[in-house]
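Q: The structure file upload12.cif (mmCIF, N, CA and C atoms) is provided below.
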data_query
loop_
_atom_site.label_atom_id
_atom_site.label_comp_id
_atom_site.auth_asym_id
_atom_site.auth_seq_id
_atom_site.Cartn_x
_atom_site.Cartn_y
_atom_site.Cartn_z
N GLN A 21 13.11 1.50 252.00
CA GLN A 21 13.10 2.83 252.61
C GLN A 21 14.02 3.76 251.83
N GLU A 22 13.53 4.92 251.49
CA GLU A 22 14.31 5.89 250.74
C GLU A 22 15.19 6.68 251.72
N GLN A 23 16.48 6.59 251.55
CA GLN A 23 17.36 7.28 252.47
C GLN A 23 18.77 7.42 251.93
N LEU A 24 19.51 8.33 252.56
CA LEU A 24 20.94 8.46 252.36
C LEU A 24 21.62 8.06 253.67
N VAL A 25 22.68 7.31 253.55
CA VAL A 25 23.40 6.86 254.73
C VAL A 25 24.88 7.17 254.56
N GLU A 26 25.41 7.97 255.49
CA GLU A 26 26.82 8.31 255.46
C GLU A 26 27.62 7.27 256.27
N SER A 27 28.88 7.12 255.90
CA SER A 27 29.80 6.28 256.66
C SER A 27 31.21 6.78 256.41
N GLY A 28 32.13 6.30 257.23
CA GLY A 28 33.53 6.63 257.03
C GLY A 28 34.10 7.65 257.98
N GLY A 29 33.26 8.23 258.82
CA GLY A 29 33.76 9.19 259.78
C GLY A 29 34.58 8.53 260.87
N GLY A 30 35.22 9.36 261.67
CA GLY A 30 36.02 8.83 262.77
C GLY A 30 37.04 9.83 263.24
N LEU A 31 38.02 9.31 263.98
CA LEU A 31 39.10 10.13 264.51
C LEU A 31 40.31 10.03 263.58
N VAL A 32 40.86 11.16 263.21
CA VAL A 32 42.02 11.19 262.33
C VAL A 32 42.99 12.24 262.83
N GLN A 33 44.27 11.99 262.66
CA GLN A 33 45.28 12.94 263.10
C GLN A 33 45.42 14.09 262.11
N PRO A 34 45.82 15.25 262.58
CA PRO A 34 46.08 16.37 261.66
C PRO A 34 47.05 15.96 260.57
N GLY A 35 46.72 16.37 259.35
CA GLY A 35 47.53 16.00 258.20
C GLY A 35 47.14 14.69 257.57
N GLY A 36 46.24 13.97 258.22
CA GLY A 36 45.82 12.67 257.72
C GLY A 36 44.70 12.76 256.69
N SER A 37 44.19 11.58 256.33
CA SER A 37 43.14 11.49 255.30
C SER A 37 41.99 10.62 255.79
N LEU A 38 40.85 10.87 255.18
CA LEU A 38 39.65 10.12 255.52
C LEU A 38 38.76 10.15 254.28
N ARG A 39 38.02 9.09 254.04
CA ARG A 39 37.07 9.09 252.94
C ARG A 39 35.67 8.82 253.47
N LEU A 40 34.79 9.75 253.22
CA LEU A 40 33.39 9.58 253.59
C LEU A 40 32.61 9.03 252.41
N SER A 41 31.60 8.22 252.72
CA SER A 41 30.73 7.65 251.69
C SER A 41 29.29 8.03 252.00
N CYS A 42 28.52 8.21 250.94
CA CYS A 42 27.10 8.52 251.06
C CYS A 42 26.36 7.56 250.14
N LEU A 43 25.67 6.61 250.71
CA LEU A 43 24.99 5.57 249.96
C LEU A 43 23.50 5.86 249.89
N ALA A 44 22.96 5.83 248.68
CA ALA A 44 21.53 6.03 248.49
C ALA A 44 20.82 4.69 248.39
N SER A 45 19.68 4.61 249.05
CA SER A 45 18.87 3.39 248.93
C SER A 45 17.41 3.77 248.76
N GLY A 46 16.71 2.99 247.96
CA GLY A 46 15.28 3.18 247.78
C GLY A 46 14.88 4.23 246.77
N PHE A 47 15.84 4.91 246.18
CA PHE A 47 15.52 5.89 245.15
C PHE A 47 16.70 6.00 244.19
N ASN A 48 16.45 6.62 243.04
CA ASN A 48 17.47 6.70 242.00
C ASN A 48 18.31 7.96 242.18
N LEU A 49 19.53 7.75 242.64
CA LEU A 49 20.43 8.89 242.89
C LEU A 49 20.84 9.58 241.60
N ASP A 50 20.71 8.88 240.46
CA ASP A 50 21.10 9.45 239.17
C ASP A 50 20.39 10.77 238.89
N TYR A 51 19.21 10.95 239.47
CA TYR A 51 18.40 12.13 239.16
C TYR A 51 18.82 13.37 239.95
N TYR A 52 19.74 13.19 240.89
CA TYR A 52 20.04 14.27 241.81
C TYR A 52 21.52 14.66 241.82
N GLY A 53 21.76 15.98 241.98
CA GLY A 53 23.06 16.37 242.46
C GLY A 53 23.16 15.97 243.92
N VAL A 54 24.38 15.86 244.42
CA VAL A 54 24.58 15.47 245.82
C VAL A 54 25.64 16.37 246.42
N GLY A 55 25.39 16.77 247.65
CA GLY A 55 26.34 17.64 248.33
C GLY A 55 26.71 17.11 249.70
N TRP A 56 27.86 17.56 250.16
CA TRP A 56 28.30 17.33 251.53
C TRP A 56 28.22 18.66 252.28
N PHE A 57 27.70 18.58 253.49
CA PHE A 57 27.57 19.72 254.37
C PHE A 57 28.15 19.35 255.72
N ARG A 58 28.48 20.35 256.53
CA ARG A 58 29.01 20.04 257.85
C ARG A 58 28.47 21.04 258.87
N GLN A 59 28.42 20.58 260.10
CA GLN A 59 27.83 21.40 261.15
C GLN A 59 28.49 21.11 262.48
N ALA A 60 28.78 22.17 263.20
CA ALA A 60 29.29 22.06 264.56
C ALA A 60 28.17 22.42 265.52
N PRO A 61 28.25 21.94 266.77
CA PRO A 61 27.19 22.24 267.74
C PRO A 61 26.99 23.75 267.89
N GLY A 62 25.74 24.16 267.80
CA GLY A 62 25.40 25.56 267.98
C GLY A 62 25.69 26.45 266.80
N LYS A 63 26.14 25.84 265.69
CA LYS A 63 26.44 26.64 264.50
C LYS A 63 25.57 26.19 263.33
N GLU A 64 25.51 27.04 262.32
CA GLU A 64 24.72 26.72 261.14
C GLU A 64 25.43 25.68 260.29
N ARG A 65 24.63 24.88 259.61
CA ARG A 65 25.19 23.91 258.68
C ARG A 65 25.77 24.65 257.49
N GLU A 66 26.95 24.24 257.04
CA GLU A 66 27.59 24.94 255.93
C GLU A 66 27.92 23.95 254.81
N PRO A 67 27.87 24.43 253.57
CA PRO A 67 28.20 23.55 252.45
C PRO A 67 29.70 23.30 252.38
N VAL A 68 30.06 22.10 251.99
CA VAL A 68 31.46 21.72 251.83
C VAL A 68 31.79 21.53 250.35
N SER A 69 30.97 20.71 249.69
CA SER A 69 31.20 20.39 248.29
C SER A 69 29.95 19.76 247.72
N CYS A 70 29.81 19.82 246.40
CA CYS A 70 28.69 19.15 245.77
C CYS A 70 29.05 18.78 244.34
N ILE A 71 28.28 17.84 243.81
CA ILE A 71 28.55 17.31 242.48
C ILE A 71 27.24 17.12 241.75
N SER A 72 27.23 17.47 240.47
CA SER A 72 26.01 17.36 239.68
C SER A 72 25.85 15.95 239.12
N THR A 73 24.72 15.72 238.52
CA THR A 73 24.54 14.53 237.68
C THR A 73 25.23 14.78 236.34
N GLY A 74 25.10 13.84 235.44
CA GLY A 74 25.59 14.03 234.07
C GLY A 74 27.09 14.29 234.01
N ASP A 75 27.47 15.54 233.75
CA ASP A 75 28.89 15.84 233.55
C ASP A 75 29.68 15.88 234.86
N GLN A 76 29.00 15.69 235.99
CA GLN A 76 29.64 15.64 237.30
C GLN A 76 30.48 16.89 237.57
N SER A 77 29.89 18.03 237.29
CA SER A 77 30.51 19.29 237.70
C SER A 77 30.60 19.32 239.23
N THR A 78 31.61 20.02 239.73
CA THR A 78 31.83 20.06 241.17
C THR A 78 31.97 21.49 241.69
N VAL A 79 31.67 21.64 242.95
CA VAL A 79 31.83 22.91 243.66
C VAL A 79 32.50 22.60 245.00
N TYR A 80 33.40 23.47 245.42
CA TYR A 80 34.06 23.32 246.72
C TYR A 80 34.04 24.65 247.47
N SER A 81 33.88 24.55 248.78
CA SER A 81 34.02 25.76 249.58
C SER A 81 35.50 26.15 249.61
N ASP A 82 35.76 27.42 249.85
CA ASP A 82 37.14 27.89 249.86
C ASP A 82 37.96 27.18 250.94
N SER A 83 37.33 26.80 252.03
CA SER A 83 38.06 26.21 253.15
C SER A 83 38.56 24.80 252.86
N VAL A 84 38.00 24.14 251.86
CA VAL A 84 38.43 22.76 251.57
C VAL A 84 39.02 22.61 250.17
N LYS A 85 38.96 23.66 249.37
CA LYS A 85 39.43 23.57 247.99
C LYS A 85 40.91 23.17 247.97
N GLY A 86 41.21 22.19 247.14
CA GLY A 86 42.58 21.71 247.05
C GLY A 86 42.92 20.60 248.03
N ARG A 87 42.04 20.37 248.99
CA ARG A 87 42.28 19.31 249.99
C ARG A 87 41.24 18.19 249.90
N PHE A 88 40.01 18.55 249.60
CA PHE A 88 38.92 17.57 249.53
C PHE A 88 38.55 17.34 248.07
N THR A 89 38.09 16.12 247.78
CA THR A 89 37.64 15.78 246.43
C THR A 89 36.33 15.02 246.52
N ILE A 90 35.35 15.48 245.78
CA ILE A 90 34.06 14.79 245.72
C ILE A 90 33.96 14.02 244.42
N THR A 91 33.46 12.80 244.51
CA THR A 91 33.25 11.96 243.34
C THR A 91 31.95 11.19 243.52
N ARG A 92 31.44 10.64 242.44
CA ARG A 92 30.25 9.83 242.54
C ARG A 92 30.38 8.60 241.66
N ASP A 93 29.79 7.51 242.13
CA ASP A 93 29.74 6.26 241.39
C ASP A 93 28.26 5.88 241.31
N ASN A 94 27.65 6.22 240.20
CA ASN A 94 26.20 6.00 240.08
C ASN A 94 25.85 4.51 240.12
N ALA A 95 26.72 3.67 239.59
CA ALA A 95 26.45 2.23 239.61
C ALA A 95 26.36 1.72 241.04
N ARG A 96 27.16 2.30 241.92
CA ARG A 96 27.15 1.92 243.33
C ARG A 96 26.23 2.79 244.17
N LYS A 97 25.55 3.76 243.51
CA LYS A 97 24.64 4.68 244.21
C LYS A 97 25.36 5.37 245.37
N THR A 98 26.59 5.75 245.15
CA THR A 98 27.40 6.29 246.23
C THR A 98 28.14 7.55 245.79
N VAL A 99 28.21 8.50 246.70
CA VAL A 99 29.01 9.70 246.52
C VAL A 99 30.07 9.71 247.61
N TYR A 100 31.27 10.05 247.23
CA TYR A 100 32.40 10.02 248.16
C TYR A 100 32.93 11.43 248.40
N LEU A 101 33.51 11.60 249.59
CA LEU A 101 34.25 12.82 249.88
C LEU A 101 35.61 12.39 250.41
N GLN A 102 36.63 12.55 249.58
CA GLN A 102 37.99 12.25 249.99
C GLN A 102 38.56 13.48 250.68
N MET A 103 38.95 13.30 251.92
CA MET A 103 39.44 14.41 252.73
C MET A 103 40.92 14.21 253.00
N ASN A 104 41.75 15.08 252.45
CA ASN A 104 43.20 15.00 252.66
C ASN A 104 43.68 16.22 253.43
N SER A 105 44.85 16.08 254.02
CA SER A 105 45.47 17.20 254.76
C SER A 105 44.48 17.84 255.73
N VAL A 106 43.79 17.01 256.48
CA VAL A 106 42.78 17.54 257.40
C VAL A 106 43.45 18.26 258.56
N ASN A 107 42.72 19.17 259.15
CA ASN A 107 43.19 19.90 260.31
C ASN A 107 42.07 19.99 261.34
N PRO A 108 42.37 20.40 262.57
CA PRO A 108 41.33 20.41 263.60
C PRO A 108 40.10 21.24 263.24
N GLU A 109 40.26 22.23 262.35
CA GLU A 109 39.12 23.04 261.93
C GLU A 109 38.15 22.28 261.03
N ASP A 110 38.52 21.06 260.64
CA ASP A 110 37.62 20.21 259.86
C ASP A 110 36.77 19.31 260.75
N THR A 111 36.86 19.48 262.05
CA THR A 111 36.08 18.68 262.99
C THR A 111 34.63 19.14 262.99
N TYR A 112 33.75 18.28 262.49
CA TYR A 112 32.33 18.57 262.35
C TYR A 112 31.57 17.25 262.24
N VAL A 113 30.25 17.34 262.29
CA VAL A 113 29.40 16.28 261.78
C VAL A 113 29.18 16.58 260.30
N TYR A 114 29.42 15.58 259.48
CA TYR A 114 29.28 15.73 258.03
C TYR A 114 28.01 15.03 257.56
N TYR A 115 27.26 15.74 256.74
CA TYR A 115 26.01 15.24 256.20
C TYR A 115 26.05 15.25 254.68
N CYS A 116 25.41 14.27 254.07
CA CYS A 116 25.20 14.35 252.63
C CYS A 116 23.72 14.61 252.38
N ALA A 117 23.44 15.20 251.24
CA ALA A 117 22.07 15.56 250.90
C ALA A 117 21.95 15.73 249.40
N THR A 118 20.75 15.57 248.89
CA THR A 118 20.52 15.86 247.48
C THR A 118 20.49 17.37 247.28
N VAL A 119 21.06 17.81 246.16
CA VAL A 119 21.12 19.24 245.85
C VAL A 119 20.63 19.47 244.42
N PHE A 120 20.32 20.73 244.14
CA PHE A 120 19.88 21.09 242.80
C PHE A 120 21.06 21.15 241.83
N ASN A 121 20.91 20.51 240.67
CA ASN A 121 21.94 20.60 239.64
C ASN A 121 22.17 22.05 239.23
N ILE A 122 21.12 22.80 239.08
CA ILE A 122 21.26 24.17 238.62
C ILE A 122 22.11 24.98 239.61
N GLY A 123 22.01 24.61 240.88
CA GLY A 123 22.84 25.28 241.87
C GLY A 123 24.31 24.97 241.66
N VAL A 124 24.60 23.69 241.40
CA VAL A 124 25.99 23.30 241.17
C VAL A 124 26.55 24.08 239.98
N TYR A 125 25.77 24.18 238.92
CA TYR A 125 26.26 24.86 237.72
C TYR A 125 26.48 26.35 237.97
N SER A 126 25.81 26.90 238.97
CA SER A 126 26.00 28.31 239.29
C SER A 126 26.95 28.50 240.46
N GLY A 127 27.56 27.40 240.92
CA GLY A 127 28.59 27.51 241.94
C GLY A 127 28.11 27.43 243.37
N THR A 128 26.88 26.95 243.58
CA THR A 128 26.37 26.84 244.94
C THR A 128 25.82 25.44 245.19
N CYS A 129 25.83 25.04 246.45
CA CYS A 129 25.29 23.74 246.85
C CYS A 129 23.98 23.99 247.59
N LYS A 130 22.90 23.96 246.85
CA LYS A 130 21.59 24.26 247.43
C LYS A 130 20.81 22.97 247.63
N PRO A 131 20.49 22.61 248.87
CA PRO A 131 19.77 21.36 249.11
C PRO A 131 18.36 21.38 248.52
N THR A 132 17.94 20.24 247.99
CA THR A 132 16.56 20.09 247.55
C THR A 132 15.64 19.83 248.75
N ASN A 133 16.27 19.35 249.84
CA ASN A 133 15.53 18.94 251.05
C ASN A 133 14.64 17.73 250.80
N ASP A 134 14.96 16.98 249.74
CA ASP A 134 14.28 15.70 249.54
C ASP A 134 14.90 14.62 250.44
N TYR A 135 16.23 14.61 250.47
CA TYR A 135 16.92 13.57 251.24
C TYR A 135 18.12 14.16 251.96
N TRP A 136 18.24 13.81 253.23
CA TRP A 136 19.41 14.11 254.04
C TRP A 136 19.84 12.83 254.76
N GLY A 137 21.14 12.66 254.91
CA GLY A 137 21.63 11.57 255.72
C GLY A 137 21.58 11.93 257.19
N GLN A 138 21.94 10.97 258.01
CA GLN A 138 21.88 11.16 259.47
C GLN A 138 23.15 11.79 260.03
N GLY A 139 24.19 11.87 259.22
CA GLY A 139 25.43 12.51 259.65
C GLY A 139 26.47 11.52 260.14
N THR A 140 27.73 11.89 259.95
CA THR A 140 28.84 11.09 260.46
C THR A 140 29.86 12.05 261.07
N GLN A 141 30.35 11.72 262.25
CA GLN A 141 31.26 12.59 262.97
C GLN A 141 32.68 12.43 262.47
N VAL A 142 33.32 13.54 262.18
CA VAL A 142 34.74 13.57 261.85
C VAL A 142 35.44 14.40 262.90
N THR A 143 36.41 13.81 263.56
CA THR A 143 37.19 14.51 264.58
C THR A 143 38.66 14.46 264.20
N VAL A 144 39.26 15.64 264.08
CA VAL A 144 40.68 15.74 263.74
C VAL A 144 41.42 16.18 264.99
N SER A 145 42.24 15.29 265.49
CA SER A 145 42.94 15.57 266.75
C SER A 145 44.14 14.66 266.87
N SER A 146 45.16 15.17 267.52
CA SER A 146 46.33 14.34 267.79
C SER A 146 46.21 13.68 269.16
#
Would you mind writing the structure in this file as structure tokens?
A:
Amino acid sequence: QEQLVESGGGLVQPGGSLRLSCLASGFNLDYYGVGWFRQAPGKEREPVSCISTGDQSTVYSDSVKGRFTITRDNARKTVYLQMNSVNPEDTYVYYCATVFNIGVYSGTCKPTNDYWGQGTQVTVSS
């Protein structure tokens, strides 16, 4: 089955860290840029970060720049989002999805809508 599966979400205290993983199965992730998006109930999904294939260029939203780091391990078919110095405003469901490389190179995380994960909840609370 071709899919993306997120893991690593949970409850974390303000100022803490969390690492999300996005595992691809059934298709070759090497061909795609990959992005992380987040959504709160009743709100639009927003881009967080994305990474291209090849040179692994990255893009970050202003709200997470300097705190979150996106990386990819093609051998493991996995993209990671390291979240540091989290705060309650980072409480969302986080999704990974394939994105256009050309978007990453132009500074945007535009989903291809080929693959989306099911989401993982991140809650930042004391």
Q: Using only N, CA and C atoms, pick whichever of A:Arg65, A:Arg39, A:Arg58, A:Arg87 has the shortest atom-to-atom distance to A:Tyr115.
A: A:Arg58
Q: Quick one: residues within 6.5 Å of (23.4, 8.0, 256.6) (file frame), counting all atoms listed in the file, please, as a list in words.
A: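 The residues that fall inside the cut-off are Leu24, Val25, Glu26, Ser27, Leu43, Trp136, Gly137, Gln138 and Gly139 of chain A.
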Q: So which residues get picked by the PyMOL selection byres (((chain A and resi 91 and name CA) around 9) and name CA) here, written as an NGL selection string?
A: :A and (70-71 or 76 or 78 or 89-90 or 92-93 or 98-102)
Q: Might you spell out which residues the PyMOL selection byres ((chain A and resi 30) around 7) would select in the displayed file, as a ChimeraX atom specification?
A: /A:28-29,31-32,140-144
Q: Extract, using only C-alpha atoms, all DNA, RNA and protein residues at most 8 Å from A:Val106, discarding same-chain residues fewer than 6 positions from it, and format them as an MDAnalysis selection string.
A: chainID A and resid 33:37 87 144
Q: Let's have the selection written as a PDB file, in the coordinates of the input, with N, CA and C atoms.
A:
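Output contents, as saved in selection08.pdb:
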ATOM      1  N   GLN A  33      44.270  11.990 262.660  1.00  0.00           N
ATOM      2  CA  GLN A  33      45.280  12.940 263.100  1.00  0.00           C
ATOM      3  C   GLN A  33      45.420  14.090 262.110  1.00  0.00           C
ATOM      4  N   PRO A  34      45.820  15.250 262.580  1.00  0.00           N
ATOM      5  CA  PRO A  34      46.080  16.370 261.660  1.00  0.00           C
ATOM      6  C   PRO A  34      47.050  15.960 260.570  1.00  0.00           C
ATOM      7  N   GLY A  35      46.720  16.370 259.350  1.00  0.00           N
ATOM      8  CA  GLY A  35      47.530  16.000 258.200  1.00  0.00           C
ATOM      9  C   GLY A  35      47.140  14.690 257.570  1.00  0.00           C
ATOM     10  N   GLY A  36      46.240  13.970 258.220  1.00  0.00           N
ATOM     11  CA  GLY A  36      45.820  12.670 257.720  1.00  0.00           C
ATOM     12  C   GLY A  36      44.700  12.760 256.690  1.00  0.00           C
ATOM     13  N   SER A  37      44.190  11.580 256.330  1.00  0.00           N
ATOM     14  CA  SER A  37      43.140  11.490 255.300  1.00  0.00           C
ATOM     15  C   SER A  37      41.990  10.620 255.790  1.00  0.00           C
ATOM     16  N   ARG A  87      42.040  20.370 248.990  1.00  0.00           N
ATOM     17  CA  ARG A  87      42.280  19.310 249.990  1.00  0.00           C
ATOM     18  C   ARG A  87      41.240  18.190 249.900  1.00  0.00           C
ATOM     19  N   VAL A 144      39.260  15.640 264.080  1.00  0.00           N
ATOM     20  CA  VAL A 144      40.680  15.740 263.740  1.00  0.00           C
ATOM     21  C   VAL A 144      41.420  16.180 264.990  1.00  0.00           C
TER      22      VAL A 144
END
Q: Which of these, A:Asp82, A:Asp110, A:Asp50, A:Glu64, has the shortest distance to A:Asn94 once you count only C-alpha atoms?
A: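 Smallest distance to A:Asn94 is found for A:Asp50.
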Q: The PyMOL selection byres (((chain A and resi 121 and name CA) around 7) and name CA) - which residues does that actually catch in the file I just gave you? List them as a PyMOL selection string.
A: chain A and resi 52-53+72-73+119-120+122-125
Q: Would you kindly place all heavy atoms on stretch 104-115 of chain A and return the model as a PDB file, in the coordinates of the input?
A:
ATOM      1  N   ASN A 104      41.750  15.080 252.450  1.00  0.00           N
ATOM      2  CA  ASN A 104      43.200  15.000 252.660  1.00  0.00           C
ATOM      3  C   ASN A 104      43.680  16.220 253.430  1.00  0.00           C
ATOM      4  O   ASN A 104      43.023  17.254 253.454  1.00  0.00           O
ATOM      5  CB  ASN A 104      43.920  14.906 251.316  1.00  0.00           C
ATOM      6  CG  ASN A 104      43.585  13.651 250.536  1.00  0.00           C
ATOM      7  OD1 ASN A 104      43.267  12.604 251.109  1.00  0.00           O
ATOM      8  ND2 ASN A 104      43.646  13.745 249.219  1.00  0.00           N
ATOM      9  N   SER A 105      44.850  16.080 254.020  1.00  0.00           N
ATOM     10  CA  SER A 105      45.470  17.200 254.760  1.00  0.00           C
ATOM     11  C   SER A 105      44.480  17.840 255.730  1.00  0.00           C
ATOM     12  O   SER A 105      44.358  19.059 255.793  1.00  0.00           O
ATOM     13  CB  SER A 105      46.013  18.251 253.778  1.00  0.00           C
ATOM     14  OG  SER A 105      46.940  17.687 252.890  1.00  0.00           O
ATOM     15  N   VAL A 106      43.790  17.010 256.480  1.00  0.00           N
ATOM     16  CA  VAL A 106      42.780  17.540 257.400  1.00  0.00           C
ATOM     17  C   VAL A 106      43.450  18.260 258.560  1.00  0.00           C
ATOM     18  O   VAL A 106      44.615  18.009 258.897  1.00  0.00           O
ATOM     19  CB  VAL A 106      41.860  16.422 257.914  1.00  0.00           C
ATOM     20  CG1 VAL A 106      41.079  15.794 256.767  1.00  0.00           C
ATOM     21  CG2 VAL A 106      42.643  15.369 258.681  1.00  0.00           C
ATOM     22  N   ASN A 107      42.720  19.170 259.150  1.00  0.00           N
ATOM     23  CA  ASN A 107      43.190  19.900 260.310  1.00  0.00           C
ATOM     24  C   ASN A 107      42.070  19.990 261.340  1.00  0.00           C
ATOM     25  O   ASN A 107      40.927  19.651 261.032  1.00  0.00           O
ATOM     26  CB  ASN A 107      43.700  21.290 259.897  1.00  0.00           C
ATOM     27  CG  ASN A 107      42.642  22.097 259.175  1.00  0.00           C
ATOM     28  OD1 ASN A 107      41.614  22.418 259.751  1.00  0.00           O
ATOM     29  ND2 ASN A 107      42.902  22.426 257.907  1.00  0.00           N
ATOM     30  N   PRO A 108      42.370  20.400 262.570  1.00  0.00           N
ATOM     31  CA  PRO A 108      41.330  20.410 263.600  1.00  0.00           C
ATOM     32  C   PRO A 108      40.100  21.240 263.240  1.00  0.00           C
ATOM     33  O   PRO A 108      39.004  20.957 263.741  1.00  0.00           O
ATOM     34  CB  PRO A 108      42.061  20.997 264.812  1.00  0.00           C
ATOM     35  CG  PRO A 108      43.487  20.575 264.605  1.00  0.00           C
ATOM     36  CD  PRO A 108      43.702  20.677 263.122  1.00  0.00           C
ATOM     37  N   GLU A 109      40.260  22.230 262.350  1.00  0.00           N
ATOM     38  CA  GLU A 109      39.120  23.040 261.930  1.00  0.00           C
ATOM     39  C   GLU A 109      38.150  22.280 261.030  1.00  0.00           C
ATOM     40  O   GLU A 109      37.098  22.784 260.692  1.00  0.00           O
ATOM     41  CB  GLU A 109      39.607  24.299 261.199  1.00  0.00           C
ATOM     42  CG  GLU A 109      40.289  25.333 262.084  1.00  0.00           C
ATOM     43  CD  GLU A 109      41.628  24.873 262.616  1.00  0.00           C
ATOM     44  OE1 GLU A 109      42.394  24.258 261.829  1.00  0.00           O
ATOM     45  OE2 GLU A 109      41.919  25.110 263.813  1.00  0.00           O
ATOM     46  N   ASP A 110      38.520  21.060 260.640  1.00  0.00           N
ATOM     47  CA  ASP A 110      37.620  20.210 259.860  1.00  0.00           C
ATOM     48  C   ASP A 110      36.770  19.310 260.750  1.00  0.00           C
ATOM     49  O   ASP A 110      36.014  18.471 260.246  1.00  0.00           O
ATOM     50  CB  ASP A 110      38.431  19.320 258.901  1.00  0.00           C
ATOM     51  CG  ASP A 110      39.161  20.115 257.844  1.00  0.00           C
ATOM     52  OD1 ASP A 110      38.560  21.056 257.280  1.00  0.00           O
ATOM     53  OD2 ASP A 110      40.337  19.790 257.570  1.00  0.00           O
ATOM     54  N   THR A 111      36.860  19.480 262.050  1.00  0.00           N
ATOM     55  CA  THR A 111      36.080  18.680 262.990  1.00  0.00           C
ATOM     56  C   THR A 111      34.630  19.140 262.990  1.00  0.00           C
ATOM     57  O   THR A 111      34.323  20.251 263.426  1.00  0.00           O
ATOM     58  CB  THR A 111      36.681  18.778 264.406  1.00  0.00           C
ATOM     59  OG1 THR A 111      37.990  18.203 264.405  1.00  0.00           O
ATOM     60  CG2 THR A 111      35.797  18.040 265.413  1.00  0.00           C
ATOM     61  N   TYR A 112      33.750  18.280 262.490  1.00  0.00           N
ATOM     62  CA  TYR A 112      32.330  18.570 262.350  1.00  0.00           C
ATOM     63  C   TYR A 112      31.570  17.250 262.240  1.00  0.00           C
ATOM     64  O   TYR A 112      32.171  16.201 262.016  1.00  0.00           O
ATOM     65  CB  TYR A 112      32.044  19.338 261.048  1.00  0.00           C
ATOM     66  CG  TYR A 112      32.468  20.772 261.002  1.00  0.00           C
ATOM     67  CD1 TYR A 112      33.729  21.124 260.517  1.00  0.00           C
ATOM     68  CD2 TYR A 112      31.607  21.790 261.388  1.00  0.00           C
ATOM     69  CE1 TYR A 112      34.119  22.443 260.440  1.00  0.00           C
ATOM     70  CE2 TYR A 112      31.993  23.117 261.306  1.00  0.00           C
ATOM     71  CZ  TYR A 112      33.246  23.438 260.829  1.00  0.00           C
ATOM     72  OH  TYR A 112      33.615  24.747 260.742  1.00  0.00           O
ATOM     73  N   VAL A 113      30.250  17.340 262.290  1.00  0.00           N
ATOM     74  CA  VAL A 113      29.400  16.280 261.780  1.00  0.00           C
ATOM     75  C   VAL A 113      29.180  16.580 260.300  1.00  0.00           C
ATOM     76  O   VAL A 113      28.805  17.695 259.931  1.00  0.00           O
ATOM     77  CB  VAL A 113      28.053  16.210 262.526  1.00  0.00           C
ATOM     78  CG1 VAL A 113      27.172  15.125 261.908  1.00  0.00           C
ATOM     79  CG2 VAL A 113      28.271  15.929 264.008  1.00  0.00           C
ATOM     80  N   TYR A 114      29.420  15.580 259.480  1.00  0.00           N
ATOM     81  CA  TYR A 114      29.280  15.730 258.030  1.00  0.00           C
ATOM     82  C   TYR A 114      28.010  15.030 257.560  1.00  0.00           C
ATOM     83  O   TYR A 114      27.746  13.882 257.937  1.00  0.00           O
ATOM     84  CB  TYR A 114      30.502  15.150 257.314  1.00  0.00           C
ATOM     85  CG  TYR A 114      31.718  16.027 257.430  1.00  0.00           C
ATOM     86  CD1 TYR A 114      32.424  16.121 258.621  1.00  0.00           C
ATOM     87  CD2 TYR A 114      32.156  16.791 256.347  1.00  0.00           C
ATOM     88  CE1 TYR A 114      33.533  16.951 258.742  1.00  0.00           C
ATOM     89  CE2 TYR A 114      33.274  17.612 256.452  1.00  0.00           C
ATOM     90  CZ  TYR A 114      33.941  17.694 257.648  1.00  0.00           C
ATOM     91  OH  TYR A 114      35.036  18.518 257.752  1.00  0.00           O
ATOM     92  N   TYR A 115      27.260  15.740 256.740  1.00  0.00           N
ATOM     93  CA  TYR A 115      26.010  15.240 256.200  1.00  0.00           C
ATOM     94  C   TYR A 115      26.050  15.250 254.680  1.00  0.00           C
ATOM     95  O   TYR A 115      26.628  16.155 254.083  1.00  0.00           O
ATOM     96  CB  TYR A 115      24.833  16.130 256.621  1.00  0.00           C
ATOM     97  CG  TYR A 115      24.613  16.255 258.100  1.00  0.00           C
ATOM     98  CD1 TYR A 115      25.277  17.231 258.833  1.00  0.00           C
ATOM     99  CD2 TYR A 115      23.721  15.422 258.759  1.00  0.00           C
ATOM    100  CE1 TYR A 115      25.076  17.366 260.206  1.00  0.00           C
ATOM    101  CE2 TYR A 115      23.498  15.548 260.133  1.00  0.00           C
ATOM    102  CZ  TYR A 115      24.177  16.519 260.839  1.00  0.00           C
ATOM    103  OH  TYR A 115      23.957  16.648 262.184  1.00  0.00           O
TER     104      TYR A 115
END
